[in-house]
>>> print(open('coords_19.cif').read())   # mmCIF, C-alpha atoms and all ligand atoms
data_structure
#
loop_
_atom_site.label_atom_id
_atom_site.label_comp_id
_atom_site.auth_asym_id
_atom_site.auth_seq_id
_atom_site.Cartn_x
_atom_site.Cartn_y
_atom_site.Cartn_z
CA MET A 1 22.05 -11.30 -42.33
CA THR A 2 22.60 -9.86 -38.87
CA LEU A 3 20.68 -11.35 -36.02
CA PRO A 4 19.60 -9.09 -33.15
CA LEU A 5 21.83 -9.48 -30.13
CA PRO A 6 20.08 -11.13 -27.21
CA ARG A 7 19.31 -8.59 -24.55
CA ALA A 8 20.32 -9.64 -21.07
CA ARG A 9 18.62 -9.18 -17.72
CA ALA A 10 20.35 -6.30 -15.95
CA GLU A 11 20.33 -4.60 -12.56
CA VAL A 12 20.53 -1.03 -13.82
CA ALA A 13 20.85 0.39 -10.29
CA PRO A 14 20.48 -1.24 -6.87
CA GLY A 15 16.90 -2.58 -6.77
CA ALA A 16 16.15 -1.61 -10.40
CA VAL A 17 15.95 -4.66 -12.63
CA HIS A 18 15.30 -4.91 -16.38
CA VAL A 19 14.01 -8.23 -17.67
CA PRO A 20 13.79 -8.13 -21.50
CA ASP A 21 11.06 -10.04 -23.35
CA TRP A 22 9.22 -11.10 -20.22
CA LEU A 23 5.72 -11.03 -21.74
CA ALA A 24 5.08 -13.46 -24.58
CA PRO A 25 3.43 -11.92 -27.69
CA ALA A 26 0.01 -13.47 -26.91
CA ARG A 27 0.16 -12.09 -23.37
CA GLN A 28 1.03 -8.63 -24.70
CA ARG A 29 -2.05 -8.77 -26.94
CA GLU A 30 -4.30 -9.82 -24.04
CA ILE A 31 -3.03 -6.98 -21.86
CA LEU A 32 -3.40 -4.51 -24.72
CA ASP A 33 -7.00 -5.64 -25.32
CA ALA A 34 -7.73 -5.13 -21.62
CA ALA A 35 -6.10 -1.68 -21.72
CA ARG A 36 -8.32 -0.71 -24.67
CA GLU A 37 -11.37 -1.66 -22.57
CA TRP A 38 -10.15 0.23 -19.52
CA SER A 39 -9.51 3.33 -21.59
CA ARG A 40 -13.22 3.72 -22.43
CA PRO A 41 -15.41 6.04 -20.38
CA PRO A 42 -16.65 6.17 -17.68
CA ALA A 43 -13.45 6.62 -15.67
CA GLY A 44 -11.52 6.19 -18.93
CA MET A 45 -8.39 7.72 -20.37
CA ARG A 46 -7.63 11.37 -19.90
CA GLN A 47 -4.78 13.83 -20.32
CA THR A 48 -3.84 14.91 -16.83
CA VAL A 49 -3.58 18.63 -16.19
CA LEU A 50 -0.66 19.45 -13.90
CA SER A 51 -0.87 21.98 -11.10
CA GLY A 52 0.75 24.68 -13.27
CA GLY A 53 -2.02 24.24 -15.86
CA ARG A 54 0.10 22.32 -18.38
CA LYS A 55 -1.44 19.20 -19.90
CA MET A 56 0.65 16.05 -19.80
CA SER A 57 1.39 14.64 -23.27
CA ILE A 58 0.69 11.05 -22.21
CA ARG A 59 -2.85 9.74 -21.78
CA THR A 60 -3.63 7.83 -18.60
CA VAL A 61 -6.23 5.54 -17.13
CA CYS A 62 -5.95 4.31 -13.55
CA LEU A 63 -7.25 1.14 -11.93
CA GLY A 64 -7.79 0.73 -8.18
CA TRP A 65 -6.90 4.27 -7.19
CA TYR A 66 -7.05 7.36 -9.38
CA TRP A 67 -3.93 9.51 -9.54
CA SER A 68 -4.18 13.22 -10.04
CA PRO A 69 -1.40 15.63 -9.08
CA TYR A 70 -0.35 14.70 -6.44
CA ARG A 71 -2.66 12.31 -4.63
CA TYR A 72 -4.81 9.23 -5.00
CA THR A 73 -8.59 9.21 -4.83
CA ARG A 74 -11.30 6.63 -5.45
CA VAL A 75 -13.17 8.89 -7.85
CA SER A 76 -12.04 9.51 -11.42
CA HIS A 77 -11.78 12.81 -13.35
CA ASP A 78 -15.37 12.44 -14.59
CA GLY A 79 -16.76 11.91 -11.10
CA THR A 80 -17.30 8.18 -11.56
CA PRO A 81 -15.65 5.43 -9.44
CA VAL A 82 -12.22 4.34 -10.62
CA LYS A 83 -12.22 0.91 -12.27
CA ALA A 84 -11.22 -2.17 -10.28
CA LEU A 85 -7.79 -3.72 -10.64
CA PRO A 86 -8.39 -7.31 -11.79
CA ALA A 87 -6.96 -10.22 -9.77
CA TRP A 88 -5.03 -11.53 -12.80
CA LEU A 89 -3.11 -8.27 -13.06
CA ALA A 90 -2.13 -8.34 -9.38
CA GLU A 91 -1.02 -11.95 -9.88
CA LEU A 92 1.10 -10.87 -12.83
CA GLY A 93 2.67 -8.25 -10.55
CA ARG A 94 3.61 -10.94 -8.01
CA ASP A 95 5.16 -13.04 -10.79
CA ALA A 96 7.09 -9.97 -11.94
CA VAL A 97 8.55 -9.31 -8.49
CA ALA A 98 9.50 -12.98 -8.16
CA VAL A 99 11.27 -12.95 -11.51
CA ALA A 100 13.03 -9.62 -10.98
CA TYR A 101 14.33 -10.22 -7.48
CA GLY A 102 14.22 -14.00 -7.05
CA ALA A 103 12.70 -13.28 -3.62
CA PRO A 104 9.62 -15.50 -3.11
CA LYS A 105 8.65 -13.95 0.22
CA LEU A 106 8.75 -10.40 -1.11
CA ALA A 107 6.77 -11.55 -4.15
CA ALA A 108 4.12 -13.36 -2.09
CA ALA A 109 3.51 -10.23 -0.03
CA TYR A 110 3.19 -8.04 -3.12
CA GLU A 111 -0.44 -6.98 -3.46
CA PRO A 112 -0.63 -4.12 -5.93
CA ASP A 113 -3.84 -2.12 -5.62
CA ILE A 114 -2.99 0.55 -8.22
CA ALA A 115 -2.37 0.23 -11.94
CA VAL A 116 -1.41 3.35 -13.90
CA VAL A 117 -1.85 2.71 -17.61
CA ASN A 118 -0.14 5.28 -19.83
CA TYR A 119 -0.46 5.68 -23.58
CA TYR A 120 2.32 7.43 -25.52
CA ASP A 121 1.66 8.64 -29.02
CA HIS A 122 4.71 9.42 -31.16
CA ALA A 123 5.19 12.86 -29.62
CA ALA A 124 4.48 11.97 -25.99
CA ARG A 125 7.12 12.01 -23.31
CA LEU A 126 7.25 11.91 -19.54
CA GLY A 127 9.48 14.22 -17.53
CA MET A 128 11.69 13.10 -14.68
CA HIS A 129 9.65 12.44 -11.54
CA GLN A 130 9.39 10.20 -8.50
CA ASP A 131 6.50 7.82 -7.84
CA LYS A 132 5.98 8.96 -4.29
CA GLU A 133 2.28 9.30 -3.62
CA GLU A 134 2.27 5.69 -2.40
CA ILE A 135 2.86 5.12 1.30
CA SER A 136 4.02 1.53 0.87
CA PRO A 137 7.73 0.98 0.14
CA ALA A 138 6.87 -2.02 -2.10
CA PRO A 139 8.43 -2.02 -5.58
CA VAL A 140 6.89 -0.56 -8.73
CA VAL A 141 6.38 -3.10 -11.53
CA SER A 142 6.46 -1.67 -15.07
CA LEU A 143 5.25 -3.51 -18.18
CA SER A 144 5.85 -2.12 -21.66
CA ILE A 145 3.85 -2.90 -24.80
CA GLY A 146 4.21 -1.40 -28.28
CA ASP A 147 6.85 1.07 -29.43
CA THR A 148 10.28 0.90 -27.82
CA CYS A 149 11.09 3.82 -25.53
CA VAL A 150 14.10 5.36 -23.90
CA PHE A 151 13.59 4.96 -20.16
CA ARG A 152 15.75 7.16 -17.98
CA LEU A 153 16.54 6.22 -14.38
CA GLY A 154 18.33 8.76 -12.23
CA GLY A 155 19.12 9.13 -8.56
CA THR A 156 16.85 9.72 -5.57
CA GLU A 157 18.00 13.28 -4.79
CA ASN A 158 17.08 15.24 -7.89
CA ARG A 159 16.11 14.92 -11.55
CA ASN A 160 19.59 15.66 -12.86
CA ARG A 161 22.49 13.52 -14.08
CA PRO A 162 23.90 11.00 -13.54
CA TRP A 163 21.26 8.70 -14.97
CA ALA A 164 21.09 5.41 -16.79
CA GLU A 165 19.15 4.96 -20.02
CA VAL A 166 17.52 1.69 -20.94
CA LEU A 167 15.59 0.81 -24.09
CA LEU A 168 12.29 -0.72 -23.02
CA GLU A 169 10.85 -2.84 -25.82
CA SER A 170 7.47 -4.46 -26.18
CA GLY A 171 7.14 -7.23 -23.58
CA ASP A 172 9.90 -5.93 -21.31
CA LEU A 173 9.58 -5.90 -17.54
CA PHE A 174 11.22 -3.26 -15.38
CA VAL A 175 10.95 -3.34 -11.58
CA PHE A 176 12.22 -0.61 -9.29
CA GLY A 177 12.20 -1.08 -5.55
CA GLY A 178 14.55 -1.07 -2.60
CA ARG A 179 17.14 1.70 -2.95
CA SER A 180 15.69 2.68 -6.34
CA ARG A 181 12.06 2.87 -5.22
CA LEU A 182 12.17 6.67 -5.08
CA ALA A 183 14.58 7.15 -7.98
CA PHE A 184 13.67 9.91 -10.42
CA HIS A 185 12.70 8.45 -13.77
CA GLY A 186 11.11 9.45 -17.04
CA VAL A 187 10.63 8.72 -20.72
CA PRO A 188 12.41 11.33 -22.88
CA ARG A 189 11.20 9.71 -26.12
CA THR A 190 9.74 6.72 -27.84
CA LEU A 191 10.91 5.18 -31.11
CA PRO A 192 7.88 5.54 -33.42
CA GLY A 193 7.01 2.57 -35.60
CA THR A 194 8.92 -0.02 -33.56
CA ALA A 195 5.87 -1.78 -32.08
CA PRO A 196 5.60 -5.44 -33.17
CA GLY A 197 3.19 -5.71 -36.09
CA HIS A 198 0.98 -8.33 -34.44
CA LEU A 199 -0.14 -5.78 -31.85
CA ASP A 200 -1.78 -3.46 -34.37
CA LEU A 201 -0.72 -0.56 -32.16
CA SER A 202 0.63 2.85 -33.05
CA GLY A 203 2.46 4.10 -29.98
CA ARG A 204 3.37 2.69 -26.60
CA VAL A 205 1.43 1.46 -23.60
CA ASN A 206 3.04 1.23 -20.18
CA ILE A 207 1.44 -0.22 -17.08
CA THR A 208 2.90 0.41 -13.65
CA LEU A 209 1.64 -1.66 -10.72
CA ARG A 210 2.03 -0.19 -7.28
CA MET A 211 1.07 -0.89 -3.67
CA SER A 212 -0.54 2.18 -2.19
CA GLY A 213 -0.46 1.43 1.51
CA LEU A 214 -3.69 3.45 1.57
CA SER A 215 -7.01 2.18 2.89
O1 LIG B 301 6.13 4.76 -19.18
C1 LIG B 301 6.99 4.39 -18.40
O2 LIG B 301 7.84 3.54 -18.70
C2 LIG B 301 7.06 5.00 -17.02
C3 LIG B 301 5.74 5.48 -16.50
C4 LIG B 301 5.85 6.18 -15.19
O3 LIG B 301 6.91 6.52 -14.75
C5 LIG B 301 4.64 6.49 -14.41
O4 LIG B 301 3.52 6.18 -14.85
O5 LIG B 301 4.78 7.05 -13.31
FE FE B 302 6.71 7.04 -12.65
#
>>> encode(input="coords_19.cif", output="structure tokens", more="lines below")
Ligand SMILES: O=C(O)CCC(=O)C(=O)O
Ligand SMILES: [Fe+2]
Amino acid sequence: MTLPLPRARAEVAPGAVHVPDWLAPARQREILDAAREWSRPPAGMRQTVLSGGRKMSIRTVCLGWYWSPYRYTRVSHDGTPVKALPAWLAELGRDAVAVAYGAPKLAAAYEPDIAVVNYYDHAARLGMHQDKEEISPAPVVSLSIGDTCVFRLGGTENRNRPWAEVLLESGDLFVFGGRSRLAFHGVPRTLPGTAPGHLDLSGRVNITLRMSGLS
């Protein structure tokens, strides 16, 4: 019998930290249940249409502020107000920053007011991009639930090589801030069927928490 090798915490690039298995299975289920609620209309999940007319393959629901290419608004795609970001999720974001950076002051000041919840079916992918519609330089906190994915983290100049690739599994935390805050990143593929059975989920859910700096 071969046992899986323990996956270690790693700073993939300056300011970009991967913390494997951060969310306990019960916590993953709670977050997934919440995501299923958020995805319902009004202001529910949609496939974003990019400026060129192409539809993104991921499905997205936003909390706090609604993202559409390439700005944030308070109104969702169906004209209804974007759902509120619950206090427990912001608290989880503070815990995440504390764990990733070991910087209590930075963590205490972290008040995410945006959650972008993405759903990846087996064919979905996300091209290389920067998260740059936020004015605040505060880190982005990423939580993964369900199928494992290949997460690609490149440089800040362009979407090309060199890049690092990390497997994000269910329960993993990834935080990118500091010198990696504006790094290009994307998800070239997921690994279908790898979600833990207890989740009863086909596909992958990712939640990014962000501080907008908007008012
Ligand atoms: O799904 C992921 O791991 C990344 C999501 C992402 O980059 C985004 O929502 O902007
Ligand atoms: Fe992103």
>>> atom_distance(input="coords_19.cif", atom1="CA of Arg71 (chain A)", atom2="CA of Trp88 (chain A)")
25.3 Å
>>> closest_residue(input="coords_19.cif", among="A:Val175, A:Val12, A:Val150, A:Ala84", to="Ala107 (chain A)", atoms="only C-alpha atoms")
A:Val175
>>> closest_atom_pairs(input="coords_19.cif", of="chain A", to="ligand LIG 301 (chain B)", cutoff="8 Å", atoms="all atoms listed in the file", output="Markdown table")
| residue | atom | partner | partner_atom | distance |
| --- | --- | --- | --- | --- |
| A:Val116 | CA | B:LIG301 | O4 | 5.8 |
| A:Val117 | CA | B:LIG301 | O4 | 7.0 |
| A:Asn118 | CA | B:LIG301 | O4 | 6.2 |
| A:Tyr119 | CA | B:LIG301 | O1 | 8.0 |
| A:Tyr120 | CA | B:LIG301 | O1 | 7.9 |
| A:Leu126 | CA | B:LIG301 | O3 | 7.2 |
| A:His129 | CA | B:LIG301 | O3 | 7.3 |
| A:Gln130 | CA | B:LIG301 | O5 | 7.4 |
| A:Asp131 | CA | B:LIG301 | O5 | 5.8 |
| A:Ser142 | CA | B:LIG301 | O2 | 6.5 |
| A:Leu143 | CA | B:LIG301 | O2 | 7.5 |
| A:Ser144 | CA | B:LIG301 | O2 | 6.7 |
| A:Cys149 | CA | B:LIG301 | O2 | 7.6 |
| A:Phe151 | CA | B:LIG301 | O2 | 6.1 |
| A:Leu168 | CA | B:LIG301 | O2 | 7.5 |
| A:His185 | CA | B:LIG301 | O3 | 6.2 |
| A:Gly186 | CA | B:LIG301 | O3 | 5.6 |
| A:Val187 | CA | B:LIG301 | C1 | 6.1 |
| A:Val205 | CA | B:LIG301 | O1 | 7.2 |
| A:Asn206 | CA | B:LIG301 | O1 | 4.8 |
| A:Ile207 | CA | B:LIG301 | O4 | 7.1 |
| A:Thr208 | CA | B:LIG301 | O4 | 5.9 |
>>> residues_around(input="coords_19.cif", residues="region 48-56 of chain A", least_positions_apart="3", cutoff="10 Å", atoms="all atoms listed in the file", output="MDAnalysis selection string")
chainID A and resid 45 59:61 67:70 77 124:127
>>> atom_distance(input="coords_19.cif", atom1="CA of Arg29 (chain A)", atom2="CA of His198 (chain A)")
8.1 Å
>>> closest_residue(input="coords_19.cif", among="A:Pro6, A:Gly146, A:Pro14, A:Pro86", to="Leu201 (chain A)", atoms="all atoms listed in the file")
A:Gly146
>>> atom_distance(input="coords_19.cif", atom1="CA of Trp22 (chain A)", atom2="CA of Arg204 (chain A)")
16.3 Å
>>> residues_near_point(input="coords_19.cif", point="(2.6, -6.3, -3.3)", cutoff="10 Å", atoms="all atoms listed in the file", output="PDB file with C-alpha atoms, keeping the file's coordinate frame")
ATOM      1  CA  ALA A  90      -2.130  -8.340  -9.380  1.00  0.00           C
ATOM      2  CA  GLU A  91      -1.020 -11.950  -9.880  1.00  0.00           C
ATOM      3  CA  GLY A  93       2.670  -8.250 -10.550  1.00  0.00           C
ATOM      4  CA  ARG A  94       3.610 -10.940  -8.010  1.00  0.00           C
ATOM      5  CA  VAL A  97       8.550  -9.310  -8.490  1.00  0.00           C
ATOM      6  CA  LEU A 106       8.750 -10.400  -1.110  1.00  0.00           C
ATOM      7  CA  ALA A 107       6.770 -11.550  -4.150  1.00  0.00           C
ATOM      8  CA  ALA A 108       4.120 -13.360  -2.090  1.00  0.00           C
ATOM      9  CA  ALA A 109       3.510 -10.230  -0.030  1.00  0.00           C
ATOM     10  CA  TYR A 110       3.190  -8.040  -3.120  1.00  0.00           C
ATOM     11  CA  GLU A 111      -0.440  -6.980  -3.460  1.00  0.00           C
ATOM     12  CA  PRO A 112      -0.630  -4.120  -5.930  1.00  0.00           C
ATOM     13  CA  ASP A 113      -3.840  -2.120  -5.620  1.00  0.00           C
ATOM     14  CA  SER A 136       4.020   1.530   0.870  1.00  0.00           C
ATOM     15  CA  PRO A 137       7.730   0.980   0.140  1.00  0.00           C
ATOM     16  CA  ALA A 138       6.870  -2.020  -2.100  1.00  0.00           C
ATOM     17  CA  PRO A 139       8.430  -2.020  -5.580  1.00  0.00           C
ATOM     18  CA  VAL A 140       6.890  -0.560  -8.730  1.00  0.00           C
ATOM     19  CA  VAL A 141       6.380  -3.100 -11.530  1.00  0.00           C
ATOM     20  CA  LEU A 209       1.640  -1.660 -10.720  1.00  0.00           C
ATOM     21  CA  ARG A 210       2.030  -0.190  -7.280  1.00  0.00           C
ATOM     22  CA  MET A 211       1.070  -0.890  -3.670  1.00  0.00           C
ATOM     23  CA  SER A 212      -0.540   2.180  -2.190  1.00  0.00           C
ATOM     24  CA  GLY A 213      -0.460   1.430   1.510  1.00  0.00           C
TER      25      GLY A 213
END
>>> residues_around(input="coords_19.cif", residues="Leu85 (chain A)", least_positions_apart="4", cutoff="9 Å", atoms="all atoms listed in the file", output="PDB file with C-alpha atoms, in the frame of the given file")
ATOM      1  CA  CYS A  62      -5.950   4.310 -13.550  1.00  0.00           C
ATOM      2  CA  LEU A  63      -7.250   1.140 -11.930  1.00  0.00           C
ATOM      3  CA  GLY A  64      -7.790   0.730  -8.180  1.00  0.00           C
ATOM      4  CA  TRP A  65      -6.900   4.270  -7.190  1.00  0.00           C
ATOM      5  CA  LEU A  89      -3.110  -8.270 -13.060  1.00  0.00           C
ATOM      6  CA  ALA A  90      -2.130  -8.340  -9.380  1.00  0.00           C
ATOM      7  CA  PRO A 112      -0.630  -4.120  -5.930  1.00  0.00           C
ATOM      8  CA  ASP A 113      -3.840  -2.120  -5.620  1.00  0.00           C
ATOM      9  CA  ILE A 114      -2.990   0.550  -8.220  1.00  0.00           C
ATOM     10  CA  ALA A 115      -2.370   0.230 -11.940  1.00  0.00           C
TER      11      ALA A 115
END
>>> axis_aligned_box(input="coords_19.cif", around="region 3-13 of chain A", padding_each_side="6 Å", output="JSON")
{"center_x": 20.2, "center_y": -5.5, "center_z": -23.2, "size_x": 15.2, "size_y": 23.7, "size_z": 37.7}
>>> closest_residue(input="coords_19.cif", among="A:Ile58, A:Ala98, A:Val75, A:Ala8", to="ligand FE 302 (chain B)", atoms="only C-alpha atoms and all ligand atoms")
A:Ile58
>>> residues_around(input="coords_19.cif", residues="Asp147 (chain A)", least_positions_apart="3", cutoff="7 Å", atoms="only C-alpha atoms", output="NGL selection string")
:A and (169-170 or 190-195 or 203-204)
>>> write_last_selection(input="coords_19.cif", atoms="C-alpha atoms", output="CSV table (one decimal), in the coordinates of the input")
chain,number,residue,atom,x,y,z
A,169,GLU,CA,10.8,-2.8,-25.8
A,170,SER,CA,7.5,-4.5,-26.2
A,190,THR,CA,9.7,6.7,-27.8
A,191,LEU,CA,10.9,5.2,-31.1
A,192,PRO,CA,7.9,5.5,-33.4
A,193,GLY,CA,7.0,2.6,-35.6
A,194,THR,CA,8.9,0.0,-33.6
A,195,ALA,CA,5.9,-1.8,-32.1
A,203,GLY,CA,2.5,4.1,-30.0
A,204,ARG,CA,3.4,2.7,-26.6
>>> residues_around(input="coords_19.cif", residues="Pro41 (chain A)", least_positions_apart="6", cutoff="12 Å", atoms="only C-alpha atoms", output="ChimeraX atom specification")
/A:61-62,76-83
>>> write_last_selection(input="coords_19.cif", atoms="C-alpha atoms", output="compact mmCIF listing (two decimals), in the coordinates of the input")
# COMPACT_ATOMS: atom_id res chain seq x y z
CA VAL A 61 -6.23 5.54 -17.13
CA CYS A 62 -5.95 4.31 -13.55
CA SER A 76 -12.04 9.51 -11.42
CA HIS A 77 -11.78 12.81 -13.35
CA ASP A 78 -15.37 12.44 -14.59
CA GLY A 79 -16.76 11.91 -11.10
CA THR A 80 -17.30 8.18 -11.56
CA PRO A 81 -15.65 5.43 -9.44
CA VAL A 82 -12.22 4.34 -10.62
CA LYS A 83 -12.22 0.91 -12.27
>>> closest_residue(input="coords_19.cif", among="A:Gly154, A:Pro25, A:Gly178, A:Gly171", to="ligand FE 302 (chain B)", atoms="only C-alpha atoms and all ligand atoms")
A:Gly154
>>> closest_residue(input="coords_19.cif", among="A:Ala10, A:Val17, A:Gln47, A:Pro188", to="Tyr101 (chain A)", atoms="all atoms listed in the file")
A:Val17
